[in-house]
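*Asks:* Structure file model-v7.tsv, TSV, C-alpha atoms, is pasted below:
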chain	number	residue	atom	x	y	z
A	1	MET	CA	-110.97	25.39	118.11
A	2	ALA	CA	-112.11	22.21	116.33
A	3	LYS	CA	-109.70	21.03	113.70
A	4	SER	CA	-110.64	20.60	110.07
A	5	ILE	CA	-110.43	17.22	108.35
A	6	ILE	CA	-109.03	17.41	104.82
A	7	VAL	CA	-109.99	14.40	102.69
A	8	SER	CA	-108.07	13.91	99.44
A	9	ILE	CA	-109.92	13.08	96.25
A	10	THR	CA	-107.63	10.05	95.89
A	11	ALA	CA	-108.96	8.62	99.15
A	12	GLN	CA	-112.55	9.44	98.21
A	13	THR	CA	-112.21	7.86	94.77
A	14	LYS	CA	-110.82	4.61	96.19
A	15	MET	CA	-113.57	4.38	98.80
A	16	ALA	CA	-116.25	5.08	96.17
A	17	LEU	CA	-114.90	2.44	93.79
A	18	HIS	CA	-114.55	-0.11	96.60
A	19	ALA	CA	-118.18	0.42	97.60
A	20	ALA	CA	-119.47	0.46	94.02
A	21	LYS	CA	-117.61	-2.72	93.10
A	22	HIS	CA	-119.56	-4.69	95.67
A	23	GLY	CA	-122.88	-2.92	95.15
A	24	PHE	CA	-123.53	-2.45	98.87
A	25	SER	CA	-124.50	-6.12	99.01
A	26	ASN	CA	-121.80	-6.55	101.63
A	27	PRO	CA	-120.14	-4.05	103.96
A	28	ILE	CA	-116.72	-2.83	102.86
A	29	HIS	CA	-113.87	-1.97	105.18
A	30	GLY	CA	-110.45	-0.40	104.90
A	31	ILE	CA	-107.61	1.51	106.51
A	32	VAL	CA	-107.28	5.31	106.43
A	33	LEU	CA	-103.83	6.88	105.99
A	34	GLY	CA	-102.87	10.46	106.70
A	35	ARG	CA	-101.10	12.93	108.98
A	36	THR	CA	-101.63	16.06	111.02
A	37	LYS	CA	-100.98	19.20	109.04
A	38	SER	CA	-100.62	22.88	109.82
A	39	THR	CA	-102.15	24.96	107.04
A	40	SER	CA	-102.51	28.62	106.21
A	41	SER	CA	-104.87	28.05	103.29
A	42	ALA	CA	-107.47	30.78	102.87
A	43	ALA	CA	-110.02	28.06	102.22
A	44	ASN	CA	-109.50	26.73	105.72
A	45	ALA	CA	-111.29	28.64	108.46
A	46	ASN	CA	-109.11	26.99	111.12
A	47	ALA	CA	-105.84	28.15	109.56
A	48	ASN	CA	-103.90	28.04	112.81
A	49	ALA	CA	-105.01	24.56	113.81
A	50	ASN	CA	-103.19	21.29	113.34
A	51	ASN	CA	-105.70	19.80	110.94
A	52	LEU	CA	-106.07	16.15	110.06
A	53	GLU	CA	-105.23	15.26	106.46
A	54	VAL	CA	-106.70	12.04	105.01
A	55	MET	CA	-104.29	11.30	102.18
A	56	ASP	CA	-105.12	7.76	101.07
A	57	VAL	CA	-106.95	4.57	101.99
A	58	VAL	CA	-106.12	0.86	101.84
A	59	PRO	CA	-109.07	-1.44	100.98
A	60	VAL	CA	-109.16	-4.45	103.31
A	61	CYS	CA	-112.32	-6.51	102.73
A	62	HIS	CA	-115.85	-6.70	101.36
A	63	GLU	CA	-117.40	-8.78	104.14
A	64	VAL	CA	-117.80	-8.66	107.90
A	65	PRO	CA	-114.14	-8.45	108.92
A	66	THR	CA	-112.49	-11.10	111.07
A	67	LYS	CA	-109.76	-10.28	113.55
A	68	PRO	CA	-107.04	-12.22	111.64
A	69	ILE	CA	-107.84	-10.32	108.41
A	70	VAL	CA	-107.80	-6.94	110.17
A	71	ASP	CA	-104.62	-7.68	112.15
A	72	MET	CA	-102.70	-8.93	109.11
A	73	ALA	CA	-103.81	-6.03	106.91
A	74	LEU	CA	-102.77	-3.53	109.60
A	75	ARG	CA	-99.36	-5.16	110.04
A	76	LEU	CA	-98.67	-5.23	106.30
A	77	THR	CA	-99.82	-1.64	105.86
A	78	ASP	CA	-97.70	-0.47	108.78
A	79	ALA	CA	-94.65	-2.21	107.29
A	80	TYR	CA	-95.36	-0.56	103.93
A	81	LEU	CA	-95.57	2.87	105.56
A	82	ARG	CA	-92.24	2.39	107.30
A	83	GLN	CA	-90.65	1.66	103.93
A	84	GLN	CA	-92.23	4.79	102.44
A	85	GLN	CA	-91.24	7.28	105.15
A	86	ASN	CA	-88.56	8.88	102.96
A	87	LEU	CA	-91.23	9.66	100.35
A	88	GLU	CA	-94.18	10.57	102.58
A	89	GLU	CA	-92.88	11.77	105.93
A	90	GLY	CA	-95.31	11.60	108.82
A	91	VAL	CA	-97.93	9.47	107.07
A	92	LYS	CA	-99.47	6.91	109.40
A	93	ILE	CA	-102.66	4.98	110.07
A	94	ILE	CA	-105.22	7.52	111.26
A	95	GLY	CA	-108.52	5.71	110.90
A	96	TRP	CA	-110.84	3.14	109.41
A	97	TYR	CA	-113.45	3.42	106.67
A	98	THR	CA	-116.59	1.48	105.87
A	99	ALA	CA	-119.78	1.38	103.83
A	100	ASN	CA	-122.86	-0.29	105.21
A	101	ALA	CA	-124.61	-3.18	103.47
A	102	ASN	CA	-128.21	-3.13	102.24
A	103	THR	CA	-128.83	0.58	102.78
A	104	SER	CA	-131.61	0.97	100.20
A	105	THR	CA	-134.11	1.82	102.95
A	106	ILE	CA	-132.08	4.70	104.38
A	107	GLU	CA	-134.15	7.88	104.46
A	108	THR	CA	-132.76	10.91	102.58
A	109	ASN	CA	-133.43	14.63	102.85
A	110	ASP	CA	-134.07	17.23	100.10
A	111	ASP	CA	-130.32	17.38	99.38
A	112	ASP	CA	-130.22	13.62	98.69
A	113	ASP	CA	-128.25	13.08	101.87
A	114	ASP	CA	-128.67	10.14	104.24
A	115	ILE	CA	-130.52	10.92	107.47
A	116	GLY	CA	-129.19	9.37	110.63
A	117	GLU	CA	-127.07	6.65	109.02
A	118	LEU	CA	-124.40	5.41	111.42
A	119	PRO	CA	-121.37	3.17	110.79
A	120	ASN	CA	-121.98	-0.55	111.27
A	121	SER	CA	-121.06	-2.10	114.61
A	122	SER	CA	-118.02	-3.94	113.21
A	123	ALA	CA	-116.48	-0.69	111.96
A	124	CYS	CA	-117.16	1.09	115.26
A	125	ARG	CA	-115.60	-1.74	117.22
A	126	ILE	CA	-112.51	-1.88	115.00
A	127	ALA	CA	-112.04	1.90	115.10
A	128	SER	CA	-112.31	2.00	118.89
A	129	SER	CA	-109.79	-0.82	119.25
A	130	MET	CA	-107.35	0.77	116.78
A	131	ALA	CA	-107.59	4.18	118.42
A	132	GLU	CA	-106.72	2.66	121.78
A	133	ASN	CA	-103.83	0.53	120.55
A	134	ILE	CA	-102.03	2.47	117.83
A	135	ASN	CA	-99.23	4.51	119.36
A	136	ASP	CA	-98.74	8.09	118.27
A	137	SER	CA	-95.37	8.27	116.49
A	138	ASP	CA	-94.83	11.77	117.86
A	139	GLY	CA	-95.20	10.57	121.43
A	140	ASN	CA	-97.47	13.50	122.30
A	141	GLY	CA	-100.38	11.37	123.46
A	142	ASN	CA	-102.83	12.68	120.87
A	143	ALA	CA	-103.16	9.54	118.81
A	144	ASN	CA	-106.74	8.94	119.92
A	145	GLU	CA	-107.73	12.52	119.15
A	146	ASP	CA	-106.42	12.26	115.58
A	147	PHE	CA	-108.32	9.10	114.71
A	148	VAL	CA	-111.46	9.04	112.57
A	149	LEU	CA	-114.03	6.64	111.16
A	150	LEU	CA	-115.24	7.38	107.62
A	151	LEU	CA	-118.61	6.16	106.34
A	152	VAL	CA	-119.21	6.13	102.58
A	153	SER	CA	-122.63	7.70	102.00
A	154	THR	CA	-124.94	5.67	99.78
A	155	SER	CA	-126.84	8.71	98.54
A	156	ARG	CA	-123.71	10.78	97.90
A	157	LEU	CA	-122.18	7.90	95.97
A	158	ALA	CA	-125.28	7.80	93.76
A	159	THR	CA	-124.70	11.43	92.73
A	160	CYS	CA	-121.40	10.43	91.11
A	161	VAL	CA	-123.19	8.70	88.25
A	162	LYS	CA	-125.49	11.60	87.38
A	163	GLU	CA	-125.00	13.31	84.02
A	164	ASP	CA	-124.32	16.75	85.47
A	165	VAL	CA	-120.96	16.84	87.28
A	166	GLU	CA	-122.22	19.70	89.45
A	167	ASP	CA	-124.70	17.27	91.02
A	168	VAL	CA	-121.87	15.28	92.59
A	169	VAL	CA	-121.94	15.76	96.38
A	170	LEU	CA	-118.58	15.95	98.13
A	171	PRO	CA	-117.18	14.68	100.38
A	172	ILE	CA	-118.29	11.19	99.41
A	173	CYS	CA	-118.13	10.14	103.05
A	174	LYS	CA	-119.30	11.21	106.47
A	175	VAL	CA	-116.68	11.56	109.22
A	176	PHE	CA	-117.14	10.28	112.76
A	177	GLU	CA	-115.11	10.94	115.90
A	178	LYS	CA	-115.30	9.47	119.40
A	179	ASP	CA	-118.28	10.39	121.52
A	180	LYS	CA	-118.20	10.62	125.32
A	181	SER	CA	-118.46	6.86	125.61
A	182	ARG	CA	-115.40	6.53	123.32
A	183	ALA	CA	-117.50	4.99	120.52
A	184	PHE	CA	-117.15	6.39	117.01
A	185	THR	CA	-120.71	7.64	116.59
A	186	LEU	CA	-120.15	11.43	116.83
A	187	GLU	CA	-120.67	12.81	113.33
A	188	VAL	CA	-118.39	15.67	112.32
A	189	ASP	CA	-120.15	18.71	110.89
A	190	ASP	CA	-119.66	18.92	107.11
A	191	GLY	CA	-118.32	22.44	107.61
A	192	ARG	CA	-115.19	20.93	109.14
A	193	VAL	CA	-114.66	18.44	106.31
A	194	ILE	CA	-112.73	19.76	103.30
A	195	THR	CA	-112.26	18.01	99.96
A	196	SER	CA	-108.76	18.43	98.56
A	197	ALA	CA	-108.03	17.80	94.88
A	198	ASN	CA	-104.54	18.32	93.45
A	199	GLY	CA	-103.57	20.24	96.58
A	200	ASP	CA	-106.51	22.65	96.30
A	201	GLY	CA	-109.15	22.67	99.01
A	202	GLY	CA	-111.14	25.63	97.66
A	203	ASP	CA	-113.94	25.89	95.10
A	204	ASP	CA	-111.56	24.91	92.29
A	205	GLY	CA	-110.62	21.78	94.23
A	206	ILE	CA	-114.30	20.90	94.66
A	207	MET	CA	-114.96	21.17	90.92
A	208	VAL	CA	-111.87	19.11	90.07
A	209	GLY	CA	-112.90	16.54	92.66
A	210	ARG	CA	-116.41	16.27	91.24
A	211	LYS	CA	-114.99	15.72	87.74
A	212	ILE	CA	-112.55	13.04	88.91
A	213	LEU	CA	-115.12	11.09	90.92
A	214	SER	CA	-117.69	11.26	88.14
A	215	GLU	CA	-115.19	10.02	85.55
A	216	ALA	CA	-113.89	7.30	87.85
A	217	MET	CA	-117.33	5.92	88.60
A	218	GLN	CA	-118.43	5.98	84.97
A	219	GLN	CA	-115.20	4.85	83.28
A	220	ILE	CA	-113.42	2.53	85.72
A	221	SER	CA	-116.54	0.88	87.12
A	222	GLU	CA	-118.11	0.42	83.68
A	223	TYR	CA	-115.14	-0.68	81.61
A	224	SER	CA	-112.95	-2.52	84.11
A	225	VAL	CA	-113.90	-6.18	84.56
A	226	ASP	CA	-112.53	-6.20	88.11
A	227	GLY	CA	-113.95	-2.85	89.23
A	228	GLY	CA	-110.56	-1.19	89.01
A	229	ILE	CA	-109.71	-1.69	92.68
A	230	PHE	CA	-108.58	-4.57	94.89
A	231	ASP	CA	-108.72	-5.19	98.62
A	232	PHE	CA	-106.72	-7.50	100.90
A	233	VAL	CA	-109.31	-10.28	100.63
A	234	ASP	CA	-109.06	-10.12	96.82
A	235	HIS	CA	-105.30	-10.54	97.23
A	236	LEU	CA	-105.75	-13.61	99.44
A	237	THR	CA	-108.49	-15.13	97.30
A	238	GLU	CA	-106.39	-14.84	94.15
A	239	CYS	CA	-103.35	-16.36	95.90
A	240	GLY	CA	-101.39	-13.15	95.79
A	241	GLN	CA	-102.15	-12.32	92.14
A	242	LYS	CA	-103.91	-9.10	93.16
A	243	GLY	CA	-100.67	-7.68	94.50
A	244	ASP	CA	-101.45	-3.97	94.39
A	245	TRP	CA	-104.07	-3.93	97.13
A	246	ILE	CA	-102.14	-1.47	99.33
A	247	GLU	CA	-101.40	1.19	96.71
A	248	ASN	CA	-104.00	0.44	94.03
A	249	GLY	CA	-101.68	2.40	91.76
A	250	PHE	CA	-104.03	2.27	88.78
A	251	VAL	CA	-106.62	4.36	90.64
A	252	LYS	CA	-104.00	6.75	91.99
A	253	GLN	CA	-102.64	7.34	88.48
A	254	PHE	CA	-106.17	7.80	87.13
A	255	VAL	CA	-106.76	10.56	89.69
A	256	LEU	CA	-103.46	12.29	88.85
A	257	ASP	CA	-104.15	12.18	85.11
A	258	SER	CA	-107.73	13.43	85.52
A	259	ALA	CA	-106.60	16.36	87.68
A	260	ARG	CA	-104.33	17.76	84.97
Output the structure of this file as structure tokens.

*Replies:*
Amino acid sequence: MAKSIIVSITAQTKMALHAAKHGFSNPIHGIVLGRTKSTSSAANANANANNLEVMDVVPVCHEVPTKPIVDMALRLTDAYLRQQQNLEEGVKIIGWYTANANTSTIETNDDDDDIGELPNSSACRIASSMAENINDSDGNGNANEDFVLLLVSTSRLATCVKEDVEDVVLPICKVFEKDKSRAFTLEVDDGRVITSANGDGGDDGIMVGRKILSEAMQQISEYSVDGGIFDFVDHLTECGQKGDWIENGFVKQFVLDSAR
């Protein structure tokens, strides 16, 4: 039975803000953090499966990524996770995320969803390399099977700035797994992708998630001079002054406060 992929609203909000900050003029890239999780939630049709939980993301860059940037960001993130194991047991690097540049010509369907959009070649190449090289901490050999590539949807992101919160389309991203050629071009059916807000993956979680994303896009993006979020390249460009690129604690706290 195919596992479900549970994507937190914290992760979705960070990806949305990262993409919005750079206006899709350049591709954005980042690291996906999470863990495998057994769940008995009634909202999850695959209750007996070890599902994949996307808990957070780490923004890396807003340009075509170079190997030194990717390698350094991965090493620093891995070191951070090792320090945090007492707080978040089992959390590890489980994927990569991206948003394509210059997607204004992407065709959409009646539900305002992108048709046939695939992750850019850089993201696919990085995801394939990471899936092959990152060792599974459990030693069970399933590291490659629990690795995903997330693509922020241009059209879904646009729904976050509509006046009616119910128009917001979640999840904000499409999820891709390996195809038979081991490239990350196999799109996961939306029925397997669950949005989780404040621990709730049901209808209440969807409504809370829509509210949080809508508020984040309208308030943080509009009133914050720096877009409210920083990536690793921002950190390097500002000579280390943008020190919160791994946690982006301001966004995380915004999500927590909005969920109450």

*Asks:* Leaving out Cys173 in chain A and any residue of its chain fewer than 4 positions from it, which residues lie within 10 Å of it when counting all atoms listed in the file, given as a list in words?

*Replies:*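 Listed by chain and then number, they are Val7, Gln12, Met15, Ala16, Tyr97, Thr98, Ala99, Leu149, Leu150, Leu151, Val152, Ser153, Thr154, Ser155, Arg156, Leu157, Val169, Asp190 and Val193 of chain A.
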
*Asks:* Compile the contact shell of range 124-134 of chain A as a PDB file with C-alpha atoms, keeping the file's coordinate frame: residues with an atom at most 8 Å away, counting all atoms listed in the file, same-chain residues fewer than 6 positions apart removed.

*Replies:*
ATOM      1  CA  GLY A  95    -108.520   5.710 110.900  1.00  0.00           C
ATOM      2  CA  TRP A  96    -110.840   3.140 109.410  1.00  0.00           C
ATOM      3  CA  ALA A 143    -103.160   9.540 118.810  1.00  0.00           C
ATOM      4  CA  ASN A 144    -106.740   8.940 119.920  1.00  0.00           C
ATOM      5  CA  PHE A 147    -108.320   9.100 114.710  1.00  0.00           C
ATOM      6  CA  VAL A 148    -111.460   9.040 112.570  1.00  0.00           C
ATOM      7  CA  LEU A 149    -114.030   6.640 111.160  1.00  0.00           C
ATOM      8  CA  ARG A 182    -115.400   6.530 123.320  1.00  0.00           C
ATOM      9  CA  ALA A 183    -117.500   4.990 120.520  1.00  0.00           C
ATOM     10  CA  PHE A 184    -117.150   6.390 117.010  1.00  0.00           C
ATOM     11  CA  THR A 185    -120.710   7.640 116.590  1.00  0.00           C
TER      12      THR A 185
END

*Asks:* With distances taken over all atoms listed in the file, which of A:Lys21, A:Ser8, A:Arg192, A:Asp179 is nearest to Asn51 in chain A?

*Replies:*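 Nearest to Asn51 in chain A: A:Arg192.
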
*Asks:* Which residue, A:Ala259, A:Phe176, A:Asp56, A:Asp226, has the smallest gap to Asp204 in chain A when you use all atoms listed in the file?

*Replies:*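 Ranking A:Ala259, A:Phe176, A:Asp56, A:Asp226 by distance to Asp204 in chain A, first place goes to A:Ala259.
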
*Asks:* Taking all atoms listed in the file into account, which of A:Glu63, A:Glu89, A:Asp71, A:Glu145 comes nearest Asn50 in chain A?

*Replies:* A:Glu145

*Asks:* What is the distance, in Å and to one decimal place, between CA of Glu117 in chain A and CA of Lys67 in chain A?

*Replies:*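 Computed distance, CA of Glu117 in chain A to CA of Lys67 in chain A, equals 24.6 Å.
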
*Asks:* How far is it from CA of Thr66 in chain A to CA of Val251 in chain A, in Å with one decimal?

*Replies:*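 Between CA of Thr66 in chain A and CA of Val251 in chain A the gap is 26.3 Å.
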
*Asks:* State, in Å with one decimal place, the distance from CA of Lys252 in chain A to CA of Ile229 in chain A.

*Replies:* 10.2 Å

*Asks:* Of the candidates A:Phe232, A:Leu81, A:Ser214, A:Leu52, which shows the shortest atom-to-atom distance to Ile69 in chain A, using all atoms listed in the file?

*Replies:*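 Looking at the shortest contact to Ile69 in chain A, the residue is A:Phe232.
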
*Asks:* Considering all atoms listed in the file, state which residue in the set A:Leu186, A:Glu53, A:Val60, A:Phe24 is at the smallest distance from His235 in chain A.

*Replies:*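 Closest to His235 in chain A of all the choices is A:Val60.
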
*Asks:* Have a look at A:Ser122, A:Ser181, A:Asn100, A:Asn248 and name the one nearest to Val57 in chain A; count only C-alpha atoms.

*Replies:*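 Among the listed residues, the smallest separation from Val57 in chain A belongs to A:Asn248.
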
*Asks:* Around the point (-111.7, 13.2, 100.0) (coordinates from the file), which residues reach within 7 Å if we count only C-alpha atoms? Answer as a ChimeraX atom specification.

*Replies:* /A:6-12,171-172,195-196

*Asks:* Let's have the selection written as a compact mmCIF listing (two decimals), in the coordinates of the input, with C-alpha atoms.

*Replies:*
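Output saved as selection-v4.txt:
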# COMPACT_ATOMS: atom_id res chain seq x y z
CA ILE A 6 -109.03 17.41 104.82
CA VAL A 7 -109.99 14.40 102.69
CA SER A 8 -108.07 13.91 99.44
CA ILE A 9 -109.92 13.08 96.25
CA THR A 10 -107.63 10.05 95.89
CA ALA A 11 -108.96 8.62 99.15
CA GLN A 12 -112.55 9.44 98.21
CA PRO A 171 -117.18 14.68 100.38
CA ILE A 172 -118.29 11.19 99.41
CA THR A 195 -112.26 18.01 99.96
CA SER A 196 -108.76 18.43 98.56
